[in-house]
Amino acid sequence: MLSKSDLQSYLQCRRKLWLERHRPELAAPDDPSSRRREADGNLVGEIARQQLGARIIWPPALDNQIDAAEGARSQLADSPDLSAVEAPMFHAGLYARADALVRRPGGYVLRETKASSFPLKPDKVRPNAPKPHHLDDIAIQAWVMRESGLPMVGAELNLLDSRWRYPGGGDYSGLFRQYDVADKIADRCAAVPAWLQAAEGVVAGAIPDAQTGKHCADPHDCTFKAYCLSLDPPAEDHPVELLPDTAGKALAKRLREANGYTSILQPAPDELVGAQAPLFQRIQSAHRSGQAVLLPAAATIMDGLPYPRYFFDFEGIDLAVPRWVGVRPYEQIPFQWSCHIERALGVFDHAEFLDLSGEDPSVPCIERMRAVIDPDDGGPILVYFANYERGRLEEIAERHPAYAALVQKYVARLVDLLPIVRDNFYHPAMRGSFSIKKVLPVVAPDLNYAELEGVQEGTGAQIAYLEAAFDSKVTDARRAEIDQQLRSYCRQDTWAMVEIAHFLAAGNRPERPAGM
Ligand code: SF4
C-alpha cells in the first residue's frame with residue numbers, strides 16, 4: 001500500500017520515496033525549520049477544524065488503513081448531513097486522509113488546508129496561481145475520493161488570507177480564504193494512476209539513480225541531502241553556478257549549456273555579461289587568484305558616515321495564526337533587537353530589547369528604540385539587508401500610527417551594509433553568497449555562531465521565542481536560559497556588522513568590548 005505522502009515524495013524525487021521506504025534511518029534529524037513548519041501546520045489545522053463547528057465526524061485513525069477508510073465510509077453514511085475531518089480514504093492500494101469533507105447539497109467539497117498564504121498577484125488583489133505541489137496534493141486525494149465512491153461536488157484549498165488582520169477576542173472567522181481548484185486538477189487527477197504505478201515500481205526496485213540538485217529543496221527540503229551528497233560525483237571546486245542571484249544563475253545556465261563551462265574560472269571575463277557584470281567579474285577574479293578583493297570605494301563610503309553610528313538588528317516572529325490584534329498571518333513582529341552604538345571611532349555602547357511576555361511586543365519595542373536611538377541626532381542606523389528592518393518599522397507605523405513620524409525618521413537613516421559589501425568585497429570562501437553568515441567568517445573568523453549556546457540562527461531564535469513566550473510548561477529557569485541565549489545571539493549579529501563596517505573602512509578589526 002502507498003499513501004498520498006509516498007506519491008508526493010515520488011513526485012519530488014524517486015530516490016526520496018525509495019529511501020523513505022527502505023532506508024529511513026539515513027534521514028537527517030528534524031531541523032528547526034521543519035519543526036516550526038510542523039507546529040504552524042498543526043495550529044492552522046486545528047483552527048480550520050474548529051471552523052467547521054462542533055457537529056462533525058472525526059473518524060478514528062486505525063493502524064489498518066483499509067479498516068479506517070471503511071469505518072469512515074460507514075460514519076459518513078450514518079450521518080449524511082455532517083461534514084467530516086481527517087477522513088481516511090482508500091482505493092486501489094492508495095491511502096489518503098482528507099483534511100475536510102465539507103457537506104454540500106449532492107455531496108462533499110474536498111477541502112485541503114495549508115499553512116500557506118493565499119497566492120496573490122503583485123497587485124495584492126487578484127488571485128495568482130496556486131502552488132503546483134498543492135494541486136498535486138489535492139488531486140491525489142480527489143482521485144482516491146472519487147474512485148472510492150464518495151460524492152465530490154468541489155475541491156478547494158483552504159489558505160491563510162494574508163490581507164486579513166486579527167480583530168482579537170479569539171475571532172478567527174476571517175483567517176482562511178478558499179481557492180476553488182476543481183477545474184485546475186483534472187489533468188493531475190487523470191495522471192494519478194500512472195503516478196501510483198510508477199511509485200510502486202520504485203518501491204519494488206533498486207535504489208534509483210539520482211544526483212542532488214534544485215529538486216532537493218523543491219517543494220520541500222529533503223532530509224536525505226547529506227546521504228545523497230556523499231554519493232554525488234566529486235563536485236567542481238568553483239562551479240559556474242556560484243554566480244549569484246537570478247541573473248547569475250541564468251547566466252551560469254547559459255554558459256553551461258552554450259559553452260560547456262562547468263567552472264567559473266573558465267569564461268573569459270567579457271563573457272560575464274549583464275547589468276551585474278562587474279560583480280560577476282570580481283567574483284571570478286577572486287576565485288582565479290584565491291585572494292579576497294576589497295575595492296577602495298568601500299572605505300570612502302564608510303568614512304563618509306557620521307557618528308554616532310547605530311548597528312541595529314531585529315529578530316521577529318511570524319505567526320501563521322496571529323495572536324495580537326491588528327496582526328496579519330505570517331506578519332513579522334519584532335520581539336527583540338540589539339544595537340551597538342559607536343559614539344566615536346572605536347568607542348562603543350550596547351543596548352538591547354527583548355520581550356518574552358507573550359504580549360504584543362510592538363509598542364515596547366519602538367518605545368525602547370526611541371529611548372536608545374536619538375530620533376534627531378541623524379546618526380546612521382546600519383543594518384544588513386535593510387528591507388527587513390524597513391519592513392518591520394513601517395508595519396509598526398501602520399499598526400500604531402502614533403509612531404509613524406518617528407518611524408519615518410528612522411527609516412530615512414537606514415544604511416544597508418549588504419549592497420556596500422556586495423559592490424566592493426568578495427572572498428572565495430563566500431561561495432557566491434553575501435549573507436552575513438558567509439561574510440563574517442572571512443572578516444572575523446573567531447566570531448563563530450556555532451559556538452553560541454542554544455540559539456545560533458534566525459529560525460532557532462524564533463523557536464526559542466515561541467517556547468519562552470507561549471509554552472505553558474516552560475520553567476522560569478528555562479525562560480531565563482532562553483533569554484540569555486537570545487541576547488547573546490542578537491548581540492553577536494550587531495557586533496558582526498561592526499566588524500564588517502570596520503573591515504570595509506580600513507581592512508582591520510575593532511577592539512571587542514568586554515562580554516562579546
Ligand atoms: S537529497 Fe535530493 S537526490 Fe537525494 S533523495 Fe532527496 S531529493 Fe532525491
# chains A, B, ... in the order shown; residues from 1 in each chain; ligands from 1
call {"tool": "residues_near_ligand", "arguments": {"ligand": "ligand 1", "cutoff": "12 Å", "atoms": "only C-alpha atoms and all ligand atoms", "output": "VMD selection string"}}
result
chain A and resid 8 to 24 26 to 28 207 to 232
call {"tool": "atom_distance", "arguments": {"atom1": "atom CA of A:Leu159", "atom2": "atom CA of A:Arg126"}}
result
14.8 Å
call {"tool": "select_by_dssp", "arguments": {"residues": "stretch 60-218 of chain A", "states": "helix (DSSP H, G or I)", "output": "PDB file with C-alpha atoms, in the first residue's frame"}}
result
ATOM      1  CA  GLN A  65      -5.815   1.905   6.952  1.00  0.00           C
ATOM      2  CA  ILE A  66      -8.326  -0.104   4.931  1.00  0.00           C
ATOM      3  CA  ASP A  67     -10.412  -0.653   8.068  1.00  0.00           C
ATOM      4  CA  ALA A  68     -10.061   3.055   8.883  1.00  0.00           C
ATOM      5  CA  ALA A  69     -11.379   4.029   5.434  1.00  0.00           C
ATOM      6  CA  GLU A  70     -14.253   1.552   5.684  1.00  0.00           C
ATOM      7  CA  GLY A  71     -15.135   2.860   9.135  1.00  0.00           C
ATOM      8  CA  ALA A  72     -15.157   6.424   7.860  1.00  0.00           C
ATOM      9  CA  ARG A  73     -17.478   5.485   4.987  1.00  0.00           C
ATOM     10  CA  SER A  74     -19.932   3.935   7.437  1.00  0.00           C
ATOM     11  CA  GLN A  75     -19.878   7.007   9.647  1.00  0.00           C
ATOM     12  CA  LEU A  76     -20.488   9.280   6.659  1.00  0.00           C
ATOM     13  CA  ALA A  77     -23.374   7.098   5.525  1.00  0.00           C
ATOM     14  CA  ASP A  78     -24.884   7.090   9.032  1.00  0.00           C
ATOM     15  CA  PRO A 132       1.834  23.140  -8.175  1.00  0.00           C
ATOM     16  CA  HIS A 133       2.559  20.791  -5.281  1.00  0.00           C
ATOM     17  CA  HIS A 134      -0.625  21.921  -3.535  1.00  0.00           C
ATOM     18  CA  LEU A 135      -2.542  20.957  -6.667  1.00  0.00           C
ATOM     19  CA  ASP A 136      -0.747  17.583  -6.763  1.00  0.00           C
ATOM     20  CA  ASP A 137      -1.712  17.043  -3.133  1.00  0.00           C
ATOM     21  CA  ILE A 138      -5.406  17.728  -3.574  1.00  0.00           C
ATOM     22  CA  ALA A 139      -5.537  15.902  -6.930  1.00  0.00           C
ATOM     23  CA  ILE A 140      -4.279  12.695  -5.300  1.00  0.00           C
ATOM     24  CA  GLN A 141      -6.981  12.969  -2.644  1.00  0.00           C
ATOM     25  CA  ALA A 142      -9.648  13.816  -5.206  1.00  0.00           C
ATOM     26  CA  TRP A 143      -8.779  10.720  -7.224  1.00  0.00           C
ATOM     27  CA  VAL A 144      -8.974   8.428  -4.178  1.00  0.00           C
ATOM     28  CA  MET A 145     -12.202  10.085  -3.084  1.00  0.00           C
ATOM     29  CA  ARG A 146     -13.934   9.737  -6.447  1.00  0.00           C
ATOM     30  CA  GLU A 147     -12.688   6.233  -7.138  1.00  0.00           C
ATOM     31  CA  ALA A 182     -11.819  21.881  -9.078  1.00  0.00           C
ATOM     32  CA  ASP A 183     -11.090  22.964 -12.649  1.00  0.00           C
ATOM     33  CA  LYS A 184      -7.322  23.067 -12.091  1.00  0.00           C
ATOM     34  CA  ALA A 186      -8.450  17.468 -13.807  1.00  0.00           C
ATOM     35  CA  ASP A 187      -5.195  16.631 -15.625  1.00  0.00           C
ATOM     36  CA  ARG A 188      -3.455  15.789 -12.403  1.00  0.00           C
ATOM     37  CA  CYS A 189      -6.317  13.506 -11.289  1.00  0.00           C
ATOM     38  CA  ALA A 190      -6.059  11.672 -14.604  1.00  0.00           C
ATOM     39  CA  ALA A 191      -2.327  11.193 -14.010  1.00  0.00           C
ATOM     40  CA  VAL A 192      -2.693   9.667 -10.540  1.00  0.00           C
ATOM     41  CA  PRO A 193      -2.973   6.011 -11.719  1.00  0.00           C
ATOM     42  CA  ALA A 194       0.275   6.398 -13.678  1.00  0.00           C
ATOM     43  CA  TRP A 195       1.985   8.055 -10.695  1.00  0.00           C
ATOM     44  CA  LEU A 196       0.781   5.229  -8.487  1.00  0.00           C
ATOM     45  CA  GLN A 197       2.043   2.522 -10.819  1.00  0.00           C
ATOM     46  CA  ALA A 198       5.416   4.213 -11.228  1.00  0.00           C
ATOM     47  CA  ALA A 199       5.784   4.776  -7.490  1.00  0.00           C
ATOM     48  CA  GLU A 200       5.000   1.114  -6.822  1.00  0.00           C
ATOM     49  CA  GLY A 201       7.745   0.236  -9.313  1.00  0.00           C
ATOM     50  CA  VAL A 202      10.211   2.490  -7.474  1.00  0.00           C
ATOM     51  CA  VAL A 203       9.430   0.907  -4.122  1.00  0.00           C
ATOM     52  CA  ALA A 204       9.793  -2.607  -5.545  1.00  0.00           C
ATOM     53  CA  LYS A 214      17.410  22.097  -7.109  1.00  0.00           C
ATOM     54  CA  HIS A 215      14.734  19.426  -6.722  1.00  0.00           C
ATOM     55  CA  CYS A 216      16.189  18.511  -3.311  1.00  0.00           C
ATOM     56  CA  ALA A 217      14.593  21.658  -1.890  1.00  0.00           C
TER      57      ALA A 217
END
call {"tool": "residues_around", "arguments": {"residues": "stretch 164-180 of chain A", "least_positions_apart": "4", "cutoff": "7 Å", "atoms": "only C-alpha atoms", "output": "PyMOL selection string"}}
result
chain A and resi 118+155-160+322+324-328
call {"tool": "atom_distance", "arguments": {"atom1": "atom CA of A:Tyr384", "atom2": "atom CA of A:Phe425"}}
result
14.5 Å
call {"tool": "residues_around", "arguments": {"residues": "A:Asp377", "least_positions_apart": "6", "cutoff": "12 Å", "atoms": "only C-alpha atoms", "output": "list in words"}}
result
Pro306, Tyr307, Pro308, Arg309, Tyr310, Arg343, Arg370, Lys409, Tyr410 and Arg413 of chain A
call {"tool": "atom_distance", "arguments": {"atom1": "atom CA of A:Asn387", "atom2": "atom CA of A:His427"}}
result
24.2 Å
call {"tool": "residues_around", "arguments": {"residues": "stretch 96-111 of chain A", "least_positions_apart": "5", "cutoff": "7 Å", "atoms": "only C-alpha atoms", "output": "PDB file with C-alpha atoms, in the first residue's frame"}}
result
ATOM      1  CA  SER A   3      -0.009   6.769   0.833  1.00  0.00           C
ATOM      2  CA  LYS A   4      -0.547  10.256  -0.505  1.00  0.00           C
ATOM      3  CA  ASP A  81     -25.841  15.783   6.797  1.00  0.00           C
ATOM      4  CA  LEU A  82     -22.489  16.145   8.579  1.00  0.00           C
ATOM      5  CA  SER A  83     -19.073  17.269   7.391  1.00  0.00           C
ATOM      6  CA  ALA A  84     -16.040  15.177   8.278  1.00  0.00           C
ATOM      7  CA  VAL A  85     -12.463  15.987   9.205  1.00  0.00           C
ATOM      8  CA  GLU A  86      -9.339  13.854   8.903  1.00  0.00           C
ATOM      9  CA  ALA A  87     -11.353  11.401   6.851  1.00  0.00           C
ATOM     10  CA  PRO A  88      -9.418   8.276   5.776  1.00  0.00           C
ATOM     11  CA  MET A  89      -9.972   7.159   2.161  1.00  0.00           C
ATOM     12  CA  PHE A  90      -8.604   4.199   0.268  1.00  0.00           C
ATOM     13  CA  GLN A 141      -6.981  12.969  -2.644  1.00  0.00           C
ATOM     14  CA  PRO A 151     -19.650  12.000  -3.929  1.00  0.00           C
ATOM     15  CA  MET A 152     -17.432  15.013  -4.623  1.00  0.00           C
ATOM     16  CA  VAL A 153     -19.018  18.314  -5.646  1.00  0.00           C
ATOM     17  CA  GLY A 154     -15.935  20.510  -5.399  1.00  0.00           C
ATOM     18  CA  ALA A 155     -12.312  20.770  -4.393  1.00  0.00           C
ATOM     19  CA  GLU A 156     -10.676  23.707  -2.681  1.00  0.00           C
ATOM     20  CA  LEU A 157      -7.519  24.806  -0.963  1.00  0.00           C
ATOM     21  CA  ASN A 158      -8.107  26.440   2.404  1.00  0.00           C
TER      22      ASN A 158
END
call {"tool": "select_by_dssp", "arguments": {"residues": "stretch 320-515 of chain A", "states": "strand (DSSP E)", "output": "list of chain:residue names"}}
result
A:Gln332, A:Ile333, A:Pro334, A:Phe335, A:Gln336, A:Trp337, A:Ser338, A:Cys339, A:His340, A:Ile341, A:Glu342, A:Arg343, A:Ala344, A:Val347, A:Phe348, A:Asp349, A:His350, A:Ala351, A:Glu352, A:Phe353, A:Leu354, A:Ile381, A:Leu382, A:Val383, A:Leu414, A:Val415, A:Asp416, A:Phe425, A:Tyr426
call {"tool": "residues_around", "arguments": {"residues": "A:Pro296", "least_positions_apart": "3", "cutoff": "10 Å", "atoms": "only C-alpha atoms", "output": "list of chain:residue names"}}
result
A:Val293, A:Ala299, A:Thr300, A:Ile301, A:Asn424, A:Phe425, A:Leu504, A:Ala505, A:Ala506
call {"tool": "residues_around", "arguments": {"residues": "A:Glu46", "least_positions_apart": "3", "cutoff": "12 Å", "atoms": "only C-alpha atoms", "output": "mmCIF file with all heavy atoms, in the first residue's frame"}}
result
data_model
loop_
_atom_site.group_PDB
_atom_site.id
_atom_site.type_symbol
_atom_site.label_atom_id
_atom_site.label_comp_id
_atom_site.auth_asym_id
_atom_site.auth_seq_id
_atom_site.Cartn_x
_atom_site.Cartn_y
_atom_site.Cartn_z
ATOM 1 N N ALA A 39 4.735 22.778 13.588
ATOM 2 C CA ALA A 39 3.942 23.427 14.644
ATOM 3 C C ALA A 39 2.916 24.372 14.026
ATOM 4 O O ALA A 39 1.746 24.401 14.435
ATOM 5 C CB ALA A 39 4.869 24.182 15.592
ATOM 6 N N ASP A 40 3.321 25.147 13.009
ATOM 7 C CA ASP A 40 2.383 26.051 12.325
ATOM 8 C C ASP A 40 1.241 25.246 11.706
ATOM 9 O O ASP A 40 0.070 25.595 11.824
ATOM 10 C CB ASP A 40 3.107 26.815 11.201
ATOM 11 C CG ASP A 40 3.971 27.940 11.739
ATOM 12 O OD1 ASP A 40 3.786 28.326 12.904
ATOM 13 O OD2 ASP A 40 4.837 28.419 10.989
ATOM 14 N N GLY A 41 1.607 24.147 11.028
ATOM 15 C CA GLY A 41 0.607 23.329 10.342
ATOM 16 C C GLY A 41 -0.414 22.766 11.321
ATOM 17 O O GLY A 41 -1.619 22.764 11.053
ATOM 18 N N ASN A 42 0.054 22.322 12.486
ATOM 19 C CA ASN A 42 -0.866 21.750 13.472
ATOM 20 C C ASN A 42 -1.857 22.784 13.977
ATOM 21 O O ASN A 42 -3.055 22.518 14.093
ATOM 22 C CB ASN A 42 -0.074 21.173 14.655
ATOM 23 C CG ASN A 42 0.696 19.923 14.249
ATOM 24 O OD1 ASN A 42 0.385 19.302 13.232
ATOM 25 N ND2 ASN A 42 1.704 19.577 15.019
ATOM 26 N N LEU A 43 -1.343 23.992 14.247
ATOM 27 C CA LEU A 43 -2.218 25.030 14.777
ATOM 28 C C LEU A 43 -3.232 25.479 13.726
ATOM 29 O O LEU A 43 -4.427 25.628 14.009
ATOM 30 C CB LEU A 43 -1.363 26.217 15.247
ATOM 31 C CG LEU A 43 -2.117 27.345 15.949
ATOM 32 C CD1 LEU A 43 -2.933 26.814 17.118
ATOM 33 C CD2 LEU A 43 -1.133 28.400 16.433
ATOM 34 N N ARG A 49 -10.375 23.088 11.608
ATOM 35 C CA ARG A 49 -11.369 22.109 12.085
ATOM 36 C C ARG A 49 -12.419 22.799 12.943
ATOM 37 O O ARG A 49 -13.616 22.551 12.798
ATOM 38 C CB ARG A 49 -10.678 21.002 12.892
ATOM 39 C CG ARG A 49 -9.976 19.976 12.026
ATOM 40 C CD ARG A 49 -9.594 18.754 12.832
ATOM 41 N NE ARG A 49 -8.617 19.036 13.862
ATOM 42 C CZ ARG A 49 -7.301 19.057 13.681
ATOM 43 N NH1 ARG A 49 -6.811 18.799 12.492
ATOM 44 N NH2 ARG A 49 -6.476 19.318 14.675
ATOM 45 N N GLN A 50 -11.958 23.709 13.821
ATOM 46 C CA GLN A 50 -12.917 24.405 14.690
ATOM 47 C C GLN A 50 -13.954 25.155 13.867
ATOM 48 O O GLN A 50 -15.113 25.260 14.249
ATOM 49 C CB GLN A 50 -12.175 25.403 15.586
ATOM 50 C CG GLN A 50 -11.424 24.767 16.731
ATOM 51 C CD GLN A 50 -10.489 25.771 17.420
ATOM 52 O OE1 GLN A 50 -10.516 26.957 17.130
ATOM 53 N NE2 GLN A 50 -9.652 25.266 18.314
ATOM 54 N N GLN A 51 -13.521 25.672 12.704
ATOM 55 C CA GLN A 51 -14.435 26.495 11.902
ATOM 56 C C GLN A 51 -15.545 25.668 11.259
ATOM 57 O O GLN A 51 -16.495 26.227 10.725
ATOM 58 C CB GLN A 51 -13.649 27.279 10.851
ATOM 59 C CG GLN A 51 -12.730 28.297 11.523
ATOM 60 C CD GLN A 51 -12.201 29.351 10.594
ATOM 61 O OE1 GLN A 51 -12.302 29.238 9.388
ATOM 62 N NE2 GLN A 51 -11.613 30.387 11.169
ATOM 63 N N LEU A 52 -15.420 24.354 11.295
ATOM 64 C CA LEU A 52 -16.489 23.511 10.754
ATOM 65 C C LEU A 52 -17.553 23.230 11.812
ATOM 66 O O LEU A 52 -18.542 22.549 11.541
ATOM 67 C CB LEU A 52 -15.915 22.200 10.214
ATOM 68 C CG LEU A 52 -15.117 22.349 8.912
ATOM 69 C CD1 LEU A 52 -14.425 21.053 8.552
ATOM 70 C CD2 LEU A 52 -16.014 22.811 7.774
ATOM 71 N N GLY A 53 -17.354 23.741 13.023
ATOM 72 C CA GLY A 53 -18.358 23.573 14.076
ATOM 73 C C GLY A 53 -18.155 22.307 14.877
ATOM 74 O O GLY A 53 -17.273 21.489 14.595
ATOM 75 N N VAL A 85 -13.858 15.527 9.229
ATOM 76 C CA VAL A 85 -12.463 15.987 9.205
ATOM 77 C C VAL A 85 -11.550 14.777 9.350
ATOM 78 O O VAL A 85 -11.947 13.741 9.897
ATOM 79 C CB VAL A 85 -12.162 17.002 10.331
ATOM 80 C CG1 VAL A 85 -12.979 18.254 10.150
ATOM 81 C CG2 VAL A 85 -12.371 16.400 11.713
ATOM 82 N N GLU A 86 -10.342 14.923 8.827
ATOM 83 C CA GLU A 86 -9.339 13.854 8.903
ATOM 84 C C GLU A 86 -9.934 12.524 8.441
ATOM 85 O O GLU A 86 -9.761 11.484 9.094
ATOM 86 C CB GLU A 86 -8.800 13.712 10.342
ATOM 87 C CG GLU A 86 -8.122 14.946 10.893
ATOM 88 C CD GLU A 86 -6.762 15.196 10.249
ATOM 89 O OE1 GLU A 86 -6.120 14.230 9.859
ATOM 90 O OE2 GLU A 86 -6.401 16.368 10.114
ATOM 91 N N ASP A 99 -8.278 16.418 4.793
ATOM 92 C CA ASP A 99 -8.386 17.372 5.910
ATOM 93 C C ASP A 99 -9.855 17.597 6.265
ATOM 94 O O ASP A 99 -10.226 17.618 7.430
ATOM 95 C CB ASP A 99 -7.770 18.728 5.522
ATOM 96 C CG ASP A 99 -6.259 18.712 5.641
ATOM 97 O OD1 ASP A 99 -5.715 17.773 6.246
ATOM 98 O OD2 ASP A 99 -5.627 19.650 5.116
ATOM 99 N N ALA A 100 -10.668 17.808 5.233
ATOM 100 C CA ALA A 100 -12.097 18.019 5.490
ATOM 101 C C ALA A 100 -12.917 17.620 4.279
ATOM 102 O O ALA A 100 -12.514 17.853 3.136
ATOM 103 C CB ALA A 100 -12.370 19.481 5.832
ATOM 104 N N THR A 113 -6.429 22.020 3.798
ATOM 105 C CA THR A 113 -5.936 23.209 4.492
ATOM 106 C C THR A 113 -4.416 23.243 4.463
ATOM 107 O O THR A 113 -3.751 22.227 4.707
ATOM 108 C CB THR A 113 -6.428 23.204 5.956
ATOM 109 O OG1 THR A 113 -7.845 23.310 5.949
ATOM 110 C CG2 THR A 113 -5.842 24.366 6.748
ATOM 111 N N LYS A 114 -3.869 24.393 4.146
ATOM 112 C CA LYS A 114 -2.413 24.569 4.129
ATOM 113 C C LYS A 114 -2.050 25.787 4.980
ATOM 114 O O LYS A 114 -2.752 26.797 4.930
ATOM 115 C CB LYS A 114 -1.904 24.828 2.699
ATOM 116 C CG LYS A 114 -2.123 23.657 1.748
ATOM 117 C CD LYS A 114 -1.155 22.546 2.048
ATOM 118 C CE LYS A 114 -1.301 21.377 1.106
ATOM 119 N NZ LYS A 114 -0.736 20.137 1.662
ATOM 120 N N ALA A 115 -0.939 25.661 5.675
ATOM 121 C CA ALA A 115 -0.436 26.814 6.450
ATOM 122 C C ALA A 115 0.350 27.742 5.524
ATOM 123 O O ALA A 115 1.457 28.173 5.832
ATOM 124 C CB ALA A 115 0.441 26.331 7.597
ATOM 125 N N TYR A 172 -11.352 34.058 14.676
ATOM 126 C CA TYR A 172 -10.519 33.704 13.523
ATOM 127 C C TYR A 172 -11.374 33.433 12.280
ATOM 128 O O TYR A 172 -10.953 32.734 11.368
ATOM 129 C CB TYR A 172 -9.650 32.485 13.855
ATOM 130 C CG TYR A 172 -8.533 32.835 14.828
ATOM 131 C CD1 TYR A 172 -8.622 32.489 16.173
ATOM 132 C CD2 TYR A 172 -7.430 33.555 14.397
ATOM 133 C CE1 TYR A 172 -7.624 32.850 17.070
ATOM 134 C CE2 TYR A 172 -6.427 33.921 15.282
ATOM 135 C CZ TYR A 172 -6.531 33.566 16.617
ATOM 136 O OH TYR A 172 -5.542 33.937 17.492
ATOM 137 N N VAL A 321 -0.926 31.847 12.714
ATOM 138 C CA VAL A 321 -2.196 32.245 13.327
ATOM 139 C C VAL A 321 -1.882 33.389 14.289
ATOM 140 O O VAL A 321 -1.333 33.169 15.369
ATOM 141 C CB VAL A 321 -2.830 31.067 14.088
ATOM 142 C CG1 VAL A 321 -4.129 31.512 14.751
ATOM 143 C CG2 VAL A 321 -3.072 29.889 13.144
#
call {"tool": "closest_residue", "arguments": {"among": "A:Phe385, A:Tyr261, A:Tyr449, A:Phe280", "to": "A:Trp495", "atoms": "only C-alpha atoms"}}
result
A:Tyr449
call {"tool": "closest_residue", "arguments": {"among": "A:Pro32, A:Gly358, A:Pro244, A:Gly304", "to": "A:Ile264", "atoms": "only C-alpha atoms"}}
result
A:Pro244
